[in-house]
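*Asks:* Okay, handing you the structure first.
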Amino acid sequence: MAPVIFITGGGRSGKSRLAERISGGFGAPLGYLATGTAGDGEMAERIARHRQRRGDDWTTIEEPLDLAGVLRENDGRFSAILVDCVTLWLTNLLLACDDPARCVARVKELTSLFPQLTTPLVLVSNEVGMGIVPENRLARQFRDLAGEANEMIAAAAGEVYVTFSGLPLRLK
Amino acid sequence: MAPVIFITGGGRSGKSRLAERISGGFGAPLGYLATGTAGDGEMAERIARHRQRRGDDWTTIEEPLDLAGVLRENDGRFSAILVDCVTLWLTNLLLACDDPARCVARVKELTSLFPQLTTPLVLVSNEVGMGIVPENRLARQFRDLAGEANEMIAAAAGEVYVTFSGLPLRLK
Amino acid sequence: MAPVIFITGGGRSGKSRLAERISGGFGAPLGYLATGTAGDGEMAERIARHRQRRGDDWTTIEEPLDLAGVLRENDGRFSAILVDCVTLWLTNLLLACDDPARCVARVKELTSLFPQLTTPLVLVSNEVGMGIVPENRLARQFRDLAGEANEMIAAAAGEVYVTFSGLPLRLK
C-alpha cells in the first residue's frame with residue numbers, strides 16, 4: 001500500500017500549503033485533484049490563486065463527484081496525488097443525492113480503494129464541527145457527515161495531521 | 001479520588017467512541033449517564049444508535065439536569081460511569097434557568113464532587129468555540145458558558161483529551 | 001529580537017489566562033494592549049472583569065486600530081506587552097476599511113515590526129475557522145482574514161500555543 005496522508009484543520013489554517021509541501025516531497029510529476037468547481041467568483045478566484053502557487057510540476061484534474069473513479073484511473077501516472085478537498089467533495093455529493101447514508105457509502109468506497117493504490121495520496125479536509133451546532137438542518141447533516149467522513153479517512157490513512165494557524169500537529 | 005477523565009472535541013469527532021473504549025477498560029458493569037433527551041427524531045435516532053453500539057455491559061441512566069445528584073446516588077454501583085455529554089447538560093440547564101451564572105454554579109457543584117467519588121468517571125464534552133462568533137445572543141451566551149465549563153472540568157480532571165477526526169491528543 | 005509568543009484557541013478556551021501567566025513571567029511592569037472597545041454592555045462587562053483579574057502590575061492601553069504604532073511607541077516601557085486580541089483588532093480594521101487586502105497589509109506591518117522590538121510581546125488570537133462555513137459573505141471574509149492573519153503571525157512568532165478547555169498545546 002502506497003502512503004496515504006490525511007491533513008485536516010479549520011478554514012484557512014494552512015492545510016493546502018502543508019499538503020503541497022508533503023506531496024512535493026515525492027517529486028514531480030504531481031497530480032492535483034480539485035473537487036471544487038469554479039461556480040462563483042469567490043471560488044474561481046481561490047482556485048486560480050492556488051493553481052498559480054503550485055507551479056509547473058502539477059497537473060490539475062477537476063472532479064466534483066467520482067473521486068474513487070478518478071484516483072483509480074490515474075494510479076501510476078504521478079509521483080503523488082493531492083486531493084483538495086474532501087469536504088467540498090462531500091458538499092457536492094450531498095447536494096447531488098440529498099442522502100447522507102449514500103455519501104457515507106461513497107467515503108467507504110474511497111477508503112476501500114486505499115490498499116490498492118500504488119501512488120502516494122495526500123488528502124486535505126476541513127474540521128467543521130467545533131463551532132455552535134447550526135440551526136439549519138442541512139448544515140447539521142453536513143456537519144455530521146463531514147465529521148464521520150474525516151473519522152473514516154483518518155482511520156484508513158497512515159499519517160494524519162491537524163493544522164492550526166498554519167502549524168501542524170501530528171495525530172497519527 | 002477515583003480517576004476523572006475528560007474528553008472534548010468537535011461534533012462527530014469520535015469523542016463518544018474514545019470515551020466508551022476508556023470506560024470499558026475499567027471492566028463491567030458500566031454506567032452510561034445520558035444527558036440528552038429523546039425530544040425529537042434526530043436525537044432519538046442518535047441515542048438508539050449509540051445504545052446499540054455500547055451493548056450489554058452498559059446500564060443507561062437518563063438525567064437531563066441533576067448530574068451531581070445522580071453521580072452521588074450511583075457511586076459504587078459501577079466499575080466506571082460515562083457522562084455523555086456535558087454540553088447537552090449545559091444546554092438543558094440554560095434552557096431551564098436562563099441564567100449562565102447559575103449554570104456555572106452547577107458546574108462548580110459537579111467538580112466539587114469529583115474528590116468524593118469512588119467510581120471512575122469519564123466525561124464527554126464539545127468544543128463549540130472555534131467557529132465564527134454567533135449573531136444570536138443566546139448562542140453567544142451558550143458558547144461562553146460551554147467554554148467556561150470545559151475549562152473548569154478540565155482543571156479538575158486528572159486526564160484530558162481532545163479528539164480530531166476520531167484521533168485523540170492528550171492535553172493533560 | 002525580543003521573544004514573540006502567539007496564543008490561539010477558541011472562544012473562552014483559556015487563552016487570555018495563559019497569556020497573562022506567560023506575560024507575568026517577564027515581571028512587572030506589564031502593558032496590556034486592549035483592542036476591544038467597550039461599545040456595548042457585553043463587551044464592557046468582559047473588559048472590566050479581565051481588568052480586575054489582572055491586578056496592579058498592569059497598565060492598560062486601548063487601541064482599536066493602530067497596533068503597530070502603539071507597540072512602536074511603547075517599546076522599552078514595560079517588561080512585556082500583551083495584545084488581547086488580534087481577532088478584535090482585525091474586526092475593527094475590516095469594519096473601518098471594508099477591504100481584506102488592506103487588513104492583510106496591516107498584519108504584514110505588524111509582523112515586520114517584530115524583529116525591531118526590544119520588549120517581549122505576547123499576542124492572543126481566536127481560531128474561528130473550525131465551524132460550518134458561514135452563509136453571510138462578510139462573516140466568510142472575516143473567517144478567511146482571521147485564518148490568514150493567524151498563519152502570518154504564527155510564522156513570525158518564536159513560540160505558538162493553541163488552547164482547548166483551558167489547556168495549551170505547543171505548536172512551535
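For the C-alpha cells, the naming scheme is as follows: chains receive sequential letters (A, B, ...) according to their order of presentation, residues are indexed from 1 within each chain, and ligands are indexed from 1 in presentation order.
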Quick one: which chain C residues come within 8 Å of chain A, and what is the nearest atom pair for each with the distance in Å to one decimal, counting only C-alpha atoms, rows ordered by chain and ascending number, as CSV?

*Replies:*
```
residue,atom,partner,partner_atom,distance
C:Thr8,CA,A:Ser165,CA,7.9
C:Glu127,CA,A:Phe164,CA,7.8
C:Val128,CA,A:Gly10,CA,7.8
C:Gly129,CA,A:Gly10,CA,4.6
C:Met130,CA,A:Gly10,CA,4.3
C:Gly131,CA,A:Gly131,CA,4.2
C:Ile132,CA,A:Val128,CA,5.0
C:Val133,CA,A:Val128,CA,7.7
C:Arg143,CA,A:Gly11,CA,7.5
C:Asp144,CA,A:Arg12,CA,5.8
C:Gly147,CA,A:Arg12,CA,4.8
C:Glu148,CA,A:Arg12,CA,6.1
C:Asn150,CA,A:Ser165,CA,5.0
C:Glu151,CA,A:Ser165,CA,4.3
C:Met152,CA,A:Ser165,CA,7.9
C:Ala154,CA,A:Ser165,CA,6.2
C:Ala155,CA,A:Gly166,CA,7.5
C:Val162,CA,A:Phe164,CA,7.5
C:Leu171,CA,A:Leu167,CA,6.3
C:Lys172,CA,A:Leu167,CA,7.6
```

*Asks:* Excluding Ala80 in chain B and its own-chain neighbours fewer than 6 positions away, which residues fall within 7 Å of it when counting only C-alpha atoms? Please give them as a list in words.

*Replies:* Ser23, Phe26, Leu30, Gly31, Thr119, Pro120 and Leu121 of chain B

*Asks:* Suppose we keep N, CA, C and O atoms; can you now write the selection as a PDB file, in the first residue's frame?

*Replies:*
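And here's part33.pdb as it stands now:
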```pdb
ATOM      1  N   SER B  23     -13.748   3.844  29.171  1.00  0.00           N
ATOM      2  CA  SER B  23     -14.605   3.349  30.252  1.00  0.00           C
ATOM      3  C   SER B  23     -14.552   1.823  30.298  1.00  0.00           C
ATOM      4  O   SER B  23     -14.456   1.217  31.368  1.00  0.00           O
ATOM      5  N   PHE B  26     -12.156  -0.195  32.420  1.00  0.00           N
ATOM      6  CA  PHE B  26     -12.376  -0.401  33.862  1.00  0.00           C
ATOM      7  C   PHE B  26     -13.194  -1.669  34.122  1.00  0.00           C
ATOM      8  O   PHE B  26     -13.399  -2.056  35.267  1.00  0.00           O
ATOM      9  N   LEU B  30     -20.890  -1.252  33.593  1.00  0.00           N
ATOM     10  CA  LEU B  30     -20.623   0.145  33.263  1.00  0.00           C
ATOM     11  C   LEU B  30     -21.914   0.970  33.278  1.00  0.00           C
ATOM     12  O   LEU B  30     -22.959   0.484  32.836  1.00  0.00           O
ATOM     13  N   GLY B  31     -21.803   2.184  33.775  1.00  0.00           N
ATOM     14  CA  GLY B  31     -22.960   3.085  33.795  1.00  0.00           C
ATOM     15  C   GLY B  31     -22.826   4.135  32.706  1.00  0.00           C
ATOM     16  O   GLY B  31     -21.735   4.686  32.504  1.00  0.00           O
ATOM     17  N   THR B 119     -16.051   5.875  42.213  1.00  0.00           N
ATOM     18  CA  THR B 119     -16.187   5.253  40.895  1.00  0.00           C
ATOM     19  C   THR B 119     -15.495   6.111  39.832  1.00  0.00           C
ATOM     20  O   THR B 119     -15.753   7.314  39.754  1.00  0.00           O
ATOM     21  N   PRO B 120     -14.638   5.503  39.000  1.00  0.00           N
ATOM     22  CA  PRO B 120     -14.014   6.279  37.917  1.00  0.00           C
ATOM     23  C   PRO B 120     -15.076   6.927  37.024  1.00  0.00           C
ATOM     24  O   PRO B 120     -16.119   6.318  36.765  1.00  0.00           O
ATOM     25  N   LEU B 121     -14.756   8.145  36.602  1.00  0.00           N
ATOM     26  CA  LEU B 121     -15.724   8.945  35.856  1.00  0.00           C
ATOM     27  C   LEU B 121     -15.094   9.383  34.533  1.00  0.00           C
ATOM     28  O   LEU B 121     -13.970   9.879  34.515  1.00  0.00           O
TER      29      LEU B 121
END
```

*Asks:* I need the strand (DSSP E) residues of chain B per DSSP on the backbone, written as a ChimeraX atom specification.

*Replies:* /B:4-9,30-34,58-62,80-84,121-124,159-164,167-170

*Asks:* Distance CA of Val160 in chain A-CA of Ala101 in chain A, one decimal place?

*Replies:*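 Between CA of Val160 in chain A and CA of Ala101 in chain A the gap works out to 24.6 Å.
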
*Asks:* If you run DSSP on the backbone, which residues of range 2-167 of chain C are alpha helix (DSSP H), as a ChimeraX atom specification?

*Replies:* /C:15-24,41-54,67-73,86-97,100-113,137-156

*Asks:* Report as an MDAnalysis selection string all protein, DNA and RNA residues lying within 8 Å of range 53-63 of chain C, evaluated on only C-alpha atoms, omitting residues in the same chain fewer than 3 positions from it.

*Replies:* chainID C and resid 20 28:37 49:50 66:67 70

*Asks:* For all heavy atoms, I'd like the residues from the last selection saved as a short mmCIF file (atom, residue, chain, number, x, y, z; two decimals), in the first residue's frame.

*Replies:*
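Result written to out-v6.cif:
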```cif
data_model
loop_
_atom_site.label_atom_id
_atom_site.label_comp_id
_atom_site.auth_asym_id
_atom_site.auth_seq_id
_atom_site.Cartn_x
_atom_site.Cartn_y
_atom_site.Cartn_z
N GLU C 20 -1.73 35.90 30.20
CA GLU C 20 -1.39 36.70 31.38
C GLU C 20 -0.31 36.01 32.21
O GLU C 20 0.61 36.65 32.72
CB GLU C 20 -2.65 36.93 32.22
CG GLU C 20 -3.61 37.90 31.55
CD GLU C 20 -5.00 37.92 32.19
OE1 GLU C 20 -5.11 37.54 33.38
OE2 GLU C 20 -5.96 38.30 31.49
N ALA C 28 7.00 42.65 36.47
CA ALA C 28 6.35 43.96 36.32
C ALA C 28 7.38 44.99 35.84
O ALA C 28 8.58 44.77 36.01
CB ALA C 28 5.74 44.38 37.66
N PRO C 29 6.98 46.13 35.26
CA PRO C 29 5.60 46.49 34.91
C PRO C 29 5.16 45.88 33.59
O PRO C 29 5.98 45.69 32.69
CB PRO C 29 5.70 48.03 34.78
CG PRO C 29 7.10 48.27 34.27
CD PRO C 29 7.95 47.19 34.87
N LEU C 30 3.86 45.57 33.49
CA LEU C 30 3.32 44.91 32.31
C LEU C 30 2.35 45.81 31.56
O LEU C 30 1.55 46.52 32.18
CB LEU C 30 2.62 43.61 32.73
CG LEU C 30 3.57 42.54 33.32
CD1 LEU C 30 2.80 41.51 34.14
CD2 LEU C 30 4.35 41.85 32.21
N GLY C 31 2.43 45.77 30.25
CA GLY C 31 1.49 46.54 29.42
C GLY C 31 0.41 45.63 28.85
O GLY C 31 0.70 44.52 28.40
N TYR C 32 -0.82 46.10 28.90
CA TYR C 32 -1.94 45.33 28.34
C TYR C 32 -2.54 46.16 27.22
O TYR C 32 -3.14 47.21 27.48
CB TYR C 32 -2.96 45.05 29.44
CG TYR C 32 -4.14 44.21 28.96
CD1 TYR C 32 -4.05 42.82 28.96
CD2 TYR C 32 -5.31 44.81 28.52
CE1 TYR C 32 -5.11 42.05 28.52
CE2 TYR C 32 -6.37 44.03 28.07
CZ TYR C 32 -6.26 42.66 28.08
OH TYR C 32 -7.31 41.90 27.64
N LEU C 33 -2.36 45.70 25.99
CA LEU C 33 -2.90 46.45 24.87
C LEU C 33 -4.25 45.85 24.48
O LEU C 33 -4.32 44.77 23.88
CB LEU C 33 -1.90 46.40 23.71
CG LEU C 33 -1.97 47.56 22.72
CD1 LEU C 33 -0.74 47.59 21.84
CD2 LEU C 33 -3.22 47.54 21.90
N ALA C 34 -5.31 46.55 24.85
CA ALA C 34 -6.67 46.08 24.60
C ALA C 34 -7.14 46.62 23.26
O ALA C 34 -7.17 47.83 23.05
CB ALA C 34 -7.61 46.55 25.71
N THR C 35 -7.52 45.70 22.35
CA THR C 35 -8.01 46.15 21.03
C THR C 35 -9.53 46.26 21.01
O THR C 35 -10.09 46.83 20.09
CB THR C 35 -7.56 45.16 19.94
OG1 THR C 35 -8.07 43.86 20.29
CG2 THR C 35 -6.05 45.10 19.83
N GLY C 36 -10.18 45.68 22.03
CA GLY C 36 -11.64 45.76 22.10
C GLY C 36 -12.06 47.10 22.67
O GLY C 36 -11.35 47.69 23.49
N THR C 37 -13.18 47.60 22.22
CA THR C 37 -13.67 48.86 22.76
C THR C 37 -14.99 48.54 23.46
O THR C 37 -15.74 47.67 23.05
CB THR C 37 -13.89 49.87 21.62
OG1 THR C 37 -14.65 49.23 20.60
CG2 THR C 37 -12.57 50.33 21.03
N ARG C 49 -14.12 42.80 33.87
CA ARG C 49 -13.80 41.56 34.59
C ARG C 49 -12.33 41.18 34.36
O ARG C 49 -11.62 40.81 35.31
CB ARG C 49 -14.72 40.45 34.11
CG ARG C 49 -14.92 39.35 35.14
CD ARG C 49 -15.98 38.34 34.71
NE ARG C 49 -15.82 37.91 33.35
CZ ARG C 49 -16.74 38.04 32.38
NH1 ARG C 49 -17.90 38.58 32.64
NH2 ARG C 49 -16.49 37.61 31.16
N HIS C 50 -11.87 41.27 33.11
CA HIS C 50 -10.48 40.93 32.80
C HIS C 50 -9.52 41.89 33.52
O HIS C 50 -8.49 41.48 34.03
CB HIS C 50 -10.23 41.01 31.29
CG HIS C 50 -10.65 39.78 30.54
ND1 HIS C 50 -10.13 39.42 29.33
CD2 HIS C 50 -11.55 38.81 30.85
CE1 HIS C 50 -10.69 38.30 28.92
NE2 HIS C 50 -11.56 37.91 29.81
N ASP C 66 -4.45 51.09 15.42
CA ASP C 66 -3.03 51.25 15.10
C ASP C 66 -2.13 50.44 16.04
O ASP C 66 -1.36 50.99 16.83
CB ASP C 66 -2.66 52.74 15.14
CG ASP C 66 -1.23 52.95 14.63
OD1 ASP C 66 -0.67 52.02 14.00
OD2 ASP C 66 -0.69 54.03 14.89
N LEU C 67 -2.21 49.12 15.90
CA LEU C 67 -1.48 48.21 16.78
C LEU C 67 0.03 48.44 16.65
O LEU C 67 0.75 48.59 17.65
CB LEU C 67 -1.84 46.78 16.38
CG LEU C 67 -1.65 45.69 17.41
CD1 LEU C 67 -2.31 46.07 18.71
CD2 LEU C 67 -2.26 44.39 16.88
N VAL C 70 1.25 51.78 18.24
CA VAL C 70 1.26 51.77 19.71
C VAL C 70 2.39 50.89 20.25
O VAL C 70 3.03 51.23 21.25
CB VAL C 70 -0.12 51.33 20.25
CG1 VAL C 70 -0.06 51.03 21.73
CG2 VAL C 70 -1.16 52.41 19.97
#
```

*Asks:* Just want the 8 Å neighbourhood of Leu145 in chain A, counted on only C-alpha atoms, with same-chain residues fewer than 5 positions away dropped. Output as a PDB file with all heavy atoms, in the first residue's frame.

*Replies:*
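Below is the file result-v9.pdb, written as the result:
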```
ATOM      1  N   LEU A  90     -17.653  16.153  -0.396  1.00  0.00           N
ATOM      2  CA  LEU A  90     -18.849  15.756   0.369  1.00  0.00           C
ATOM      3  C   LEU A  90     -20.003  16.726   0.131  1.00  0.00           C
ATOM      4  O   LEU A  90     -21.164  16.311   0.041  1.00  0.00           O
ATOM      5  CB  LEU A  90     -18.531  15.705   1.863  1.00  0.00           C
ATOM      6  CG  LEU A  90     -17.567  14.607   2.294  1.00  0.00           C
ATOM      7  CD1 LEU A  90     -17.175  14.807   3.752  1.00  0.00           C
ATOM      8  CD2 LEU A  90     -18.197  13.228   2.093  1.00  0.00           C
ATOM      9  N   PRO A 100     -27.386  11.451   3.231  1.00  0.00           N
ATOM     10  CA  PRO A 100     -26.109  11.261   3.925  1.00  0.00           C
ATOM     11  C   PRO A 100     -25.626   9.811   3.906  1.00  0.00           C
ATOM     12  O   PRO A 100     -24.428   9.563   3.759  1.00  0.00           O
ATOM     13  CB  PRO A 100     -26.411  11.720   5.353  1.00  0.00           C
ATOM     14  CG  PRO A 100     -27.536  12.689   5.216  1.00  0.00           C
ATOM     15  CD  PRO A 100     -28.364  12.180   4.074  1.00  0.00           C
ATOM     16  N   CYS A 103     -23.797   9.127   0.831  1.00  0.00           N
ATOM     17  CA  CYS A 103     -22.495   9.811   0.854  1.00  0.00           C
ATOM     18  C   CYS A 103     -21.485   9.003   1.667  1.00  0.00           C
ATOM     19  O   CYS A 103     -20.321   8.858   1.270  1.00  0.00           O
ATOM     20  CB  CYS A 103     -22.628  11.209   1.458  1.00  0.00           C
ATOM     21  SG  CYS A 103     -23.713  12.299   0.524  1.00  0.00           S
ATOM     22  N   VAL A 104     -21.924   8.468   2.803  1.00  0.00           N
ATOM     23  CA  VAL A 104     -21.034   7.649   3.637  1.00  0.00           C
ATOM     24  C   VAL A 104     -20.568   6.425   2.849  1.00  0.00           C
ATOM     25  O   VAL A 104     -19.397   6.029   2.932  1.00  0.00           O
ATOM     26  CB  VAL A 104     -21.738   7.245   4.959  1.00  0.00           C
ATOM     27  CG1 VAL A 104     -20.936   6.204   5.717  1.00  0.00           C
ATOM     28  CG2 VAL A 104     -21.963   8.483   5.836  1.00  0.00           C
TER      29      VAL A 104
END
```
